$ cat work01.txt   # compact mmCIF, C-alpha atoms
# COMPACT_ATOMS: atom_id res chain seq x y z
CA ASN A 17 -28.66 15.78 -1.94
CA THR A 18 -29.28 17.73 1.25
CA ARG A 19 -33.02 17.60 0.53
CA LEU A 20 -32.81 13.80 0.64
CA LEU A 21 -31.02 13.77 4.00
CA ARG A 22 -33.33 12.05 6.46
CA ARG A 23 -34.18 14.13 9.52
CA PRO A 24 -35.43 13.09 12.94
CA PRO A 25 -39.00 13.85 14.04
CA ASP A 26 -39.64 16.86 16.26
CA ALA A 27 -41.63 14.78 18.75
CA PRO A 28 -40.50 11.13 18.67
CA ARG A 29 -42.71 8.42 20.08
CA PRO A 30 -41.44 6.39 23.06
CA VAL A 31 -39.22 3.40 22.36
CA ARG A 32 -40.96 0.24 23.56
CA ARG A 33 -38.01 -2.13 23.50
CA PRO A 34 -34.67 -2.50 25.33
CA VAL A 35 -31.94 -0.08 24.26
CA THR A 36 -28.31 -0.26 25.36
CA VAL A 37 -25.81 2.55 24.87
CA VAL A 38 -22.24 1.27 24.56
CA LEU A 39 -19.69 3.90 25.57
CA PRO A 40 -16.04 2.88 24.94
CA VAL A 41 -13.63 5.13 26.86
CA ARG A 42 -9.86 5.35 26.99
CA ASP A 43 -8.35 8.20 29.01
CA GLU A 44 -11.56 10.27 28.87
CA VAL A 45 -11.53 11.62 32.43
CA ALA A 46 -12.60 15.07 31.23
CA GLN A 47 -15.47 13.77 29.06
CA VAL A 48 -17.04 10.66 30.49
CA ALA A 49 -19.16 12.24 33.26
CA GLY A 50 -20.70 14.85 30.95
CA CYS A 51 -21.41 12.29 28.25
CA LEU A 52 -23.03 9.89 30.73
CA ALA A 53 -25.17 12.62 32.25
CA ALA A 54 -26.64 13.41 28.84
CA VAL A 55 -27.26 9.72 28.12
CA LEU A 56 -29.04 9.17 31.42
CA ASP A 57 -31.18 12.25 30.75
CA GLN A 58 -32.75 10.67 27.65
CA ARG A 59 -36.52 10.90 27.32
CA GLY A 60 -38.84 8.33 25.82
CA VAL A 61 -36.55 5.34 26.41
CA PRO A 62 -37.88 3.66 29.55
CA ASP A 63 -35.80 0.50 29.10
CA LEU A 64 -32.39 2.15 28.74
CA GLN A 65 -29.11 0.59 29.85
CA VAL A 66 -25.57 1.90 29.52
CA VAL A 67 -22.39 -0.17 29.26
CA VAL A 68 -19.23 1.84 29.81
CA VAL A 69 -16.18 -0.05 28.53
CA ASP A 70 -13.00 1.20 30.17
CA ASP A 71 -10.38 0.43 27.55
CA GLY A 72 -7.22 0.49 29.65
CA SER A 73 -7.50 4.08 30.91
CA THR A 74 -4.67 5.37 33.07
CA ASP A 75 -6.09 8.80 33.99
CA GLY A 76 -8.85 7.82 36.41
CA THR A 77 -11.63 7.62 33.82
CA ALA A 78 -13.31 4.66 35.52
CA GLU A 79 -13.59 6.59 38.78
CA ARG A 80 -15.64 9.27 37.01
CA VAL A 81 -18.32 6.81 35.88
CA VAL A 82 -21.48 7.76 37.73
CA THR A 83 -23.25 5.33 40.02
CA ASP A 84 -26.65 4.48 38.57
CA ASP A 85 -28.75 1.33 38.34
CA ARG A 86 -28.76 1.70 34.55
CA VAL A 87 -24.98 1.90 34.20
CA ARG A 88 -22.58 -1.02 34.07
CA LEU A 89 -18.80 -0.58 34.00
CA VAL A 90 -16.83 -3.21 32.06
CA ARG A 91 -13.05 -3.40 32.22
CA ALA A 92 -12.01 -4.30 28.68
CA VAL A 93 -9.70 -7.19 28.00
CA PRO A 94 -6.79 -5.83 25.90
CA PRO A 95 -7.08 -6.34 22.13
CA ALA A 96 -6.05 -9.76 20.90
CA PRO A 97 -3.80 -10.07 17.83
CA GLY A 98 -5.76 -8.95 14.79
CA TRP A 99 -7.90 -6.47 16.76
CA LEU A 100 -7.64 -2.73 17.06
CA GLY A 101 -8.63 -1.01 20.28
CA LYS A 102 -11.99 0.56 19.53
CA PRO A 103 -13.58 -2.43 17.74
CA ASN A 104 -12.38 -4.59 20.63
CA ALA A 105 -13.96 -2.31 23.24
CA CYS A 106 -17.22 -1.99 21.29
CA ALA A 107 -17.45 -5.75 20.84
CA GLN A 108 -17.08 -6.35 24.56
CA GLY A 109 -19.68 -3.69 25.30
CA ALA A 110 -22.17 -5.29 22.94
CA ALA A 111 -21.49 -8.72 24.42
CA ALA A 112 -22.33 -7.31 27.86
CA ALA A 113 -25.83 -6.37 26.61
CA PRO A 114 -27.34 -9.60 25.29
CA ASP A 115 -30.95 -8.49 25.85
CA ALA A 116 -30.73 -5.21 23.95
CA GLU A 117 -32.84 -4.99 20.80
CA VAL A 118 -31.25 -1.69 19.80
CA LEU A 119 -27.56 -0.88 20.23
CA VAL A 120 -26.24 2.67 20.36
CA PHE A 121 -22.48 3.22 20.06
CA LEU A 122 -21.38 6.60 21.37
CA ASP A 123 -18.09 8.46 21.76
CA ALA A 124 -17.31 10.18 25.04
CA ASP A 125 -16.94 13.63 23.47
CA VAL A 126 -20.53 13.57 22.17
CA ARG A 127 -23.31 15.35 24.03
CA LEU A 128 -26.81 14.06 23.31
CA MET A 129 -29.93 16.18 23.35
CA PRO A 130 -32.74 14.77 25.55
CA ASP A 131 -34.68 13.17 22.68
CA ALA A 132 -31.64 12.00 20.70
CA VAL A 133 -31.96 8.24 21.17
CA ALA A 134 -35.74 8.14 20.73
CA SER A 135 -35.49 10.29 17.61
CA ALA A 136 -32.75 8.16 16.08
CA VAL A 137 -34.75 4.98 16.72
CA ALA A 138 -37.77 6.64 15.12
CA VAL A 139 -35.76 7.24 11.93
CA LEU A 140 -34.52 3.65 12.09
CA ASP A 141 -38.08 2.34 12.27
CA ASP A 142 -39.87 4.78 9.97
CA ALA A 143 -37.35 4.33 7.15
CA GLU A 144 -37.12 0.56 7.77
CA LEU A 145 -33.36 0.72 8.13
CA ASP A 146 -30.99 -1.50 10.08
CA LEU A 147 -28.41 1.15 10.90
CA VAL A 148 -28.55 4.92 11.09
CA SER A 149 -25.64 7.23 11.71
CA PRO A 150 -26.98 10.54 13.04
CA TRP A 151 -24.13 12.93 12.23
CA PRO A 152 -23.67 15.23 15.25
CA ARG A 153 -23.28 18.97 14.85
CA GLN A 154 -19.52 19.47 14.74
CA LEU A 155 -18.35 22.17 17.14
CA THR A 156 -15.23 24.08 16.15
CA GLY A 157 -13.09 26.67 17.87
CA SER A 158 -9.73 27.24 16.25
CA ALA A 159 -9.09 28.19 12.63
CA ALA A 160 -7.76 24.70 11.90
CA GLU A 161 -10.95 23.10 13.15
CA ARG A 162 -13.15 25.48 11.16
CA LEU A 163 -11.19 24.71 8.01
CA VAL A 164 -11.00 20.92 8.34
CA GLN A 165 -13.95 19.62 10.35
CA PRO A 166 -16.72 20.69 7.92
CA LEU A 167 -15.07 18.61 5.19
CA GLN A 168 -16.49 15.47 6.81
CA GLN A 169 -20.10 16.38 6.11
CA TRP A 170 -19.22 18.13 2.88
CA LEU A 171 -17.61 14.98 1.47
CA TRP A 172 -20.62 12.72 1.91
CA GLY A 173 -23.06 15.55 1.21
CA THR A 174 -21.32 16.17 -2.12
CA LEU A 175 -20.25 12.69 -3.22
CA LEU A 176 -22.72 10.19 -1.72
CA PRO A 177 -26.18 9.76 -3.36
CA LEU A 178 -28.05 9.28 -0.10
CA ARG A 179 -31.22 7.42 -1.12
CA LEU A 180 -29.28 5.16 -3.47
CA ALA A 181 -26.82 4.49 -0.66
CA GLU A 182 -29.70 3.32 1.55
CA ARG A 183 -30.73 0.62 -0.90
CA SER A 184 -27.46 -0.38 -2.49
CA PRO A 185 -25.25 -3.13 -1.04
CA ARG A 186 -22.20 -1.58 -2.71
CA PRO A 187 -19.48 -0.96 -0.11
CA SER A 188 -18.43 2.24 -1.86
CA LEU A 189 -21.84 3.77 -1.10
CA ALA A 190 -21.37 4.01 2.65
CA ALA A 191 -20.78 6.83 5.10
CA ALA A 192 -21.04 6.60 8.88
CA ASN A 193 -19.75 8.33 11.98
CA GLY A 194 -18.77 6.25 14.99
CA GLN A 195 -19.46 9.20 17.26
CA PHE A 196 -23.13 8.17 17.24
CA LEU A 197 -24.32 4.90 15.66
CA VAL A 198 -27.73 3.29 16.16
CA LEU A 199 -28.59 -0.17 14.86
CA ARG A 200 -30.82 -3.14 15.36
CA ARG A 201 -29.21 -5.87 17.43
CA ALA A 202 -30.35 -8.54 14.99
CA ALA A 203 -28.64 -6.74 12.10
CA TYR A 204 -25.50 -6.24 14.19
CA ASP A 205 -25.29 -9.95 14.98
CA ARG A 206 -26.13 -10.97 11.42
CA ALA A 207 -23.25 -8.82 10.17
CA GLY A 208 -20.81 -10.41 12.61
CA GLY A 209 -20.68 -7.46 14.98
CA HIS A 210 -17.40 -5.69 15.58
CA ALA A 211 -15.60 -8.98 15.05
CA ALA A 212 -16.28 -8.45 11.35
CA VAL A 213 -14.36 -5.14 11.45
CA ARG A 214 -11.81 -6.04 14.11
CA GLY A 215 -8.79 -4.68 12.24
CA GLU A 216 -10.41 -1.65 10.59
CA VAL A 217 -9.14 1.83 11.43
CA ILE A 218 -12.40 3.31 10.10
CA GLU A 219 -14.52 0.78 11.94
CA ASP A 220 -17.76 2.79 11.68
CA VAL A 221 -17.90 2.76 7.88
CA ALA A 222 -16.68 -0.84 7.87
CA LEU A 223 -19.52 -1.83 10.20
CA LEU A 224 -22.09 -0.26 7.88
CA ARG A 225 -20.53 -2.14 4.98
CA ALA A 226 -20.77 -5.39 6.95
CA VAL A 227 -24.44 -4.70 7.67
CA LYS A 228 -25.03 -4.09 3.96
CA ALA A 229 -23.14 -7.25 3.01
CA ALA A 230 -25.43 -9.21 5.34
CA GLY A 231 -28.53 -7.88 3.57
CA GLY A 232 -29.21 -4.87 5.78
CA ARG A 233 -29.76 -1.22 4.96
CA GLY A 234 -28.23 1.84 6.54
CA VAL A 235 -27.29 5.44 5.90
CA VAL A 236 -26.08 8.66 7.44
CA VAL A 237 -28.88 10.92 8.71
CA ASP A 238 -29.12 14.44 10.07
CA GLY A 239 -28.05 14.47 13.70
CA SER A 240 -27.39 18.19 14.03
CA THR A 241 -30.38 18.64 16.35
CA LEU A 242 -29.70 15.43 18.28
CA ALA A 243 -26.06 15.68 19.32
CA ALA A 244 -22.99 17.88 19.29
CA CYS A 245 -19.31 16.98 19.31
CA ARG A 246 -16.00 18.78 19.36
CA MET A 247 -13.64 16.14 18.04
CA TYR A 248 -10.32 17.97 18.33
CA ASP A 249 -9.02 21.06 20.05
CA GLY A 250 -6.70 23.16 17.88
CA TRP A 251 -4.23 22.29 15.16
CA PRO A 252 -2.27 19.62 17.12
CA GLY A 253 -5.47 17.66 17.73
CA VAL A 254 -6.61 18.01 14.11
CA ARG A 255 -3.18 17.07 12.80
CA ASP A 256 -2.72 13.98 14.95
CA GLY A 257 -6.36 12.89 14.86
CA TYR A 258 -6.58 12.82 11.09
CA ALA A 259 -3.10 11.39 10.65
CA LYS A 260 -4.23 8.10 12.17
CA SER A 261 -7.07 7.54 9.72
CA LEU A 262 -6.96 9.60 6.52
CA TRP A 263 -4.74 7.07 4.78
CA SER A 264 -7.65 4.64 5.13
CA ALA A 265 -10.66 6.97 5.05
CA LEU A 266 -10.18 8.22 1.48
CA GLY A 267 -10.39 5.10 -0.61
CA GLY A 268 -9.38 2.49 1.94
CA HIS A 269 -5.72 2.37 0.89
CA PRO A 270 -2.80 4.84 0.98
CA ALA A 271 -2.52 5.00 -2.81
CA ALA A 272 -6.27 5.52 -3.12
CA ALA A 273 -6.11 8.29 -0.52
CA VAL A 274 -3.45 10.11 -2.56
CA GLY A 275 -5.54 9.70 -5.70
CA ALA A 276 -8.67 10.97 -3.96
CA ALA A 277 -6.84 14.01 -2.61
CA ALA A 278 -5.51 14.75 -6.09
CA ALA A 279 -8.99 14.49 -7.59
CA LEU A 280 -10.49 16.79 -4.95
CA SER A 281 -7.72 19.31 -5.59
CA ALA A 282 -8.27 19.19 -9.34
CA VAL A 283 -11.97 19.97 -8.96
CA TRP A 284 -12.01 22.38 -6.01
CA LEU A 285 -8.50 23.84 -5.74
CA LEU A 286 -7.36 24.43 -9.32
CA PRO A 287 -10.39 26.58 -10.33
CA PRO A 288 -9.82 29.25 -7.65
CA LEU A 289 -6.13 29.28 -8.52
CA ALA A 290 -7.13 29.88 -12.13
CA ALA A 291 -9.54 32.59 -10.99
CA LEU A 292 -6.58 34.48 -9.52
CA THR A 293 -5.18 34.76 -13.05
CA GLY A 294 -8.45 36.24 -14.36
CA SER A 295 -10.12 33.03 -15.57
CA ARG A 296 -13.91 33.35 -15.66
CA ALA A 297 -14.27 29.58 -15.72
CA GLY A 298 -12.06 29.40 -12.66
CA LEU A 299 -14.22 31.98 -10.89
CA ALA A 300 -17.34 29.98 -11.72
CA GLY A 301 -15.68 26.86 -10.36
CA TYR A 302 -14.73 28.65 -7.15
CA ALA A 303 -18.28 29.97 -6.74
CA ALA A 304 -19.71 26.50 -7.24
CA GLY A 305 -17.40 25.09 -4.57
CA VAL A 306 -18.38 27.79 -2.11
CA ALA A 307 -22.08 27.27 -2.85
CA GLY A 308 -21.82 23.53 -2.25
CA ARG A 309 -19.90 24.00 0.97
CA ALA A 310 -22.46 26.56 2.18
CA ALA A 311 -25.43 24.35 1.33
CA VAL A 312 -24.06 21.38 3.28
CA ALA A 313 -23.08 23.55 6.26
CA ALA A 314 -26.54 25.12 6.42
CA ARG A 315 -28.24 21.72 6.42
CA THR A 316 -25.92 20.01 8.93
CA GLY A 317 -25.68 22.74 11.56
CA GLY A 318 -22.28 24.10 10.51
CA ARG A 319 -21.01 27.64 10.28
CA VAL A 320 -21.81 28.93 6.79
CA TRP A 321 -20.17 32.35 6.50
CA PRO A 322 -17.43 33.33 6.11
CA ASP A 323 -16.10 29.77 6.40
CA ALA A 324 -17.47 28.57 3.05
CA LEU A 325 -15.43 31.24 1.28
CA ALA A 326 -12.25 29.52 2.49
CA HIS A 327 -13.16 26.18 0.88
CA PRO A 328 -10.02 26.06 -1.33
CA VAL A 329 -7.87 26.58 1.78
CA SER A 330 -9.68 23.65 3.39
CA ILE A 331 -8.87 21.43 0.41
CA ALA A 332 -5.22 22.50 0.49
CA LEU A 333 -5.03 21.71 4.20
CA LEU A 334 -6.65 18.34 3.55
CA ASP A 335 -3.85 17.60 1.07
CA VAL A 336 -1.31 18.33 3.81
CA LEU A 337 -3.09 16.03 6.25
CA VAL A 338 -3.36 13.22 3.70
CA ALA A 339 0.36 13.47 2.95
CA ARG A 340 1.18 13.28 6.68
CA SER A 341 -1.15 10.33 7.18
CA VAL A 342 0.19 8.33 4.24
CA ALA A 343 3.80 9.02 5.19
CA GLY A 344 3.17 8.04 8.80
CA HIS A 345 1.41 4.86 7.75
CA ARG A 346 4.28 3.82 5.50
CA ARG A 347 6.78 4.42 8.31
CA GLY A 348 4.61 2.55 10.80
CA ALA A 349 4.71 5.64 12.99
CA LEU A 350 0.99 6.27 13.54
CA HIS A 351 -0.28 6.03 17.10
CA TRP A 352 -3.46 7.01 18.90
CA ARG A 353 -4.07 7.03 22.63
CA GLY A 354 -0.78 5.24 23.19
CA ARG A 355 -1.45 2.39 20.75
CA PRO A 356 -0.05 1.81 17.27
CA VAL A 357 -2.56 2.21 14.44
CA THR A 358 -1.62 -1.05 12.78
CA VAL A 359 -3.33 -4.34 12.18
CA PRO A 360 -1.53 -7.24 13.89
CA ALA A 361 -1.68 -10.82 12.69
CA PRO A 362 -5.27 -12.10 12.58
CA ASP A 363 -6.72 -13.95 15.53
CA ALA A 364 -8.54 -17.23 15.16
CA GLY A 365 -11.71 -16.03 16.85
CA PRO A 366 -13.62 -12.97 17.95
CA SER A 367 -12.89 -11.21 21.20
CA ALA A 368 -16.50 -10.18 21.71
CA THR A 369 -16.90 -12.91 24.32
CA MET A 370 -13.78 -12.02 26.25
CA GLY A 371 -14.21 -10.58 29.71
CA ALA A 372 -17.73 -9.28 29.15
$ encode --input "work01.txt" --output "structure tokens"
Amino acid sequence: NTRLLRRPPDAPRPVRRPVTVVLPVRDEVAQVAGCLAAVLDQRGVPDLQVVVVDDGSTDGTAERVVTDDRVRLVRAVPPAPGWLGKPNACAQGAAAAPDAEVLVFLDADVRLMPDAVASAVAVLDDAELDLVSPWPRQLTGSAAERLVQPLQQWLWGTLLPLRLAERSPRPSLAAANGQFLVLRRAAYDRAGGHAAVRGEVIEDVALLRAVKAAGGRGVVVDGSTLAACRMYDGWPGVRDGYAKSLWSALGGHPAAAVGAAAALSAVWLLPPLAALTGSRAGLAGYAAGVAGRAAVAARTGGRVWPDALAHPVSIALLDVLVARSVAGHRRGALHWRGRPVTVPAPDAGPSATMGA
């Protein structure tokens, strides 16, 4: 599967159409200036605009937005009933860029390489896709991060048939990363934009599914040479960050998440446990798991050794995180950036036109 992973060109051609980067930020005072500097340093995108959507920050994030003719700061209208925060902010950012032919959605903790946008658009065009999700190289520091973060790429690298996923409209064949999304504006509008995923916790995957449902094509691609991101810092960040979304990410429903975690444990945790009792089959299963983890890490810019050897520990820790996420969801106790991770009663219309 890693051989089928689409990769960006080494020397992308210039992009000859308007591109807008939408950067939703909420309490990102430590990140926004660095992220913007990398965006404004992009090569080969002469018609580049940036819309920074300040989503109710209280830490002075807006004051750190650099002054540049290409940058526009939008103060987001708070989410209406039926909307979660990030889809709401992204929708307002897209509405503020009506002339863009290519939309790039970026998280503040992502750092782009100078040719990142041009390279991603080249993959979009060369493969005749409507959406590409260049998966950034995931930076890790603590032991918790090294154990958990590589599971993101490993899951789609192991379970998602990439070329089939490009062509198939099936919603189950979708993987995307909202850290860095690139799509054609026409496909975005045809899919209903972020209004179509207004209440989705995993809005990035939901947006790809909406694009597919509207007749478009999209897939995850190699972004390890285009961008880097450190999502969380230490165990508290990993614990709280995954708690908000794992109940939905694995199967789209709490019960499905529990079932998926059980299945992953049966395949990749039970064999090494059996190997400890002297089982040769268990040892073979453990070796296969390590080999798969190493192959994905090598192709996506991750740390291969000795981290791959701890793959069963990663799966066990994933089980813990899934249990926390499901329990928190059932109690209604999940929050992120000061907002509840719940879906309020639906609104009658989209908020993409509000306050843009």
$ atom_distance --input "work01.txt" --atom1 "CA of Gln58 in chain A" --atom2 "CA of Ala107 in chain A"
23.5 Å
$ closest_residue --input "work01.txt" --among "A:Ala49, A:Ala230, A:Ala297, A:Val237" --to "Arg19 in chain A" --atoms "all atoms listed in the file"
A:Val237
$ atom_distance --input "work01.txt" --atom1 "CA of Ala190 in chain A" --atom2 "CA of Tyr258 in chain A"
19.2 Å
$ closest_residue --input "work01.txt" --among "A:Asp85, A:Ala113, A:Lys102, A:Arg80" --to "Pro34 in chain A" --atoms "only C-alpha atoms"
A:Ala113
$ atom_distance --input "work01.txt" --atom1 "CA of Ala226 in chain A" --atom2 "CA of Val120 in chain A"
16.6 Å
$ residues_around --input "work01.txt" --residues "Gly318 in chain A" --least-positions-apart "3" --cutoff "8 Å" --atoms "all atoms listed in the file" --output "list in words"
Arg153, Gln154, Leu155, Pro166, Val312, Ala313, Ala314 and Arg315 of chain A
$ closest_residue --input "work01.txt" --among "A:Thr83, A:Gln65, A:Thr74, A:Ser240" --to "Gly109 in chain A" --atoms "all atoms listed in the file"
A:Gln65
$ residues_around --input "work01.txt" --residues "Ala303 in chain A" --least-positions-apart "3" --cutoff "12 Å" --atoms "only C-alpha atoms" --output "ChimeraX atom specification"
/A:284-285,287-288,291,296-300,306-310,324-328
$ residues_near_point --input "work01.txt" --point "(-20.4, 15.0, 29.7)" --cutoff "12 Å" --atoms "all atoms listed in the file" --output "PyMOL selection string"
chain A and resi 39+44-57+80-82+122-129+243-246
$ closest_residue --input "work01.txt" --among "A:Arg255, A:Ile331, A:Asp146, A:Ser261" --to "Ala279 in chain A" --atoms "all atoms listed in the file"
A:Ile331
$ closest_residue --input "work01.txt" --among "A:Val41, A:Asp131, A:Ala211, A:Thr77" --to "Ala92 in chain A" --atoms "only C-alpha atoms"
A:Val41
$ residues_around --input "work01.txt" --residues "Ala112 in chain A" --least-positions-apart "2" --cutoff "8 Å" --atoms "all atoms listed in the file" --output "VMD selection string"
chain A and resid 67 108 to 110 114 372
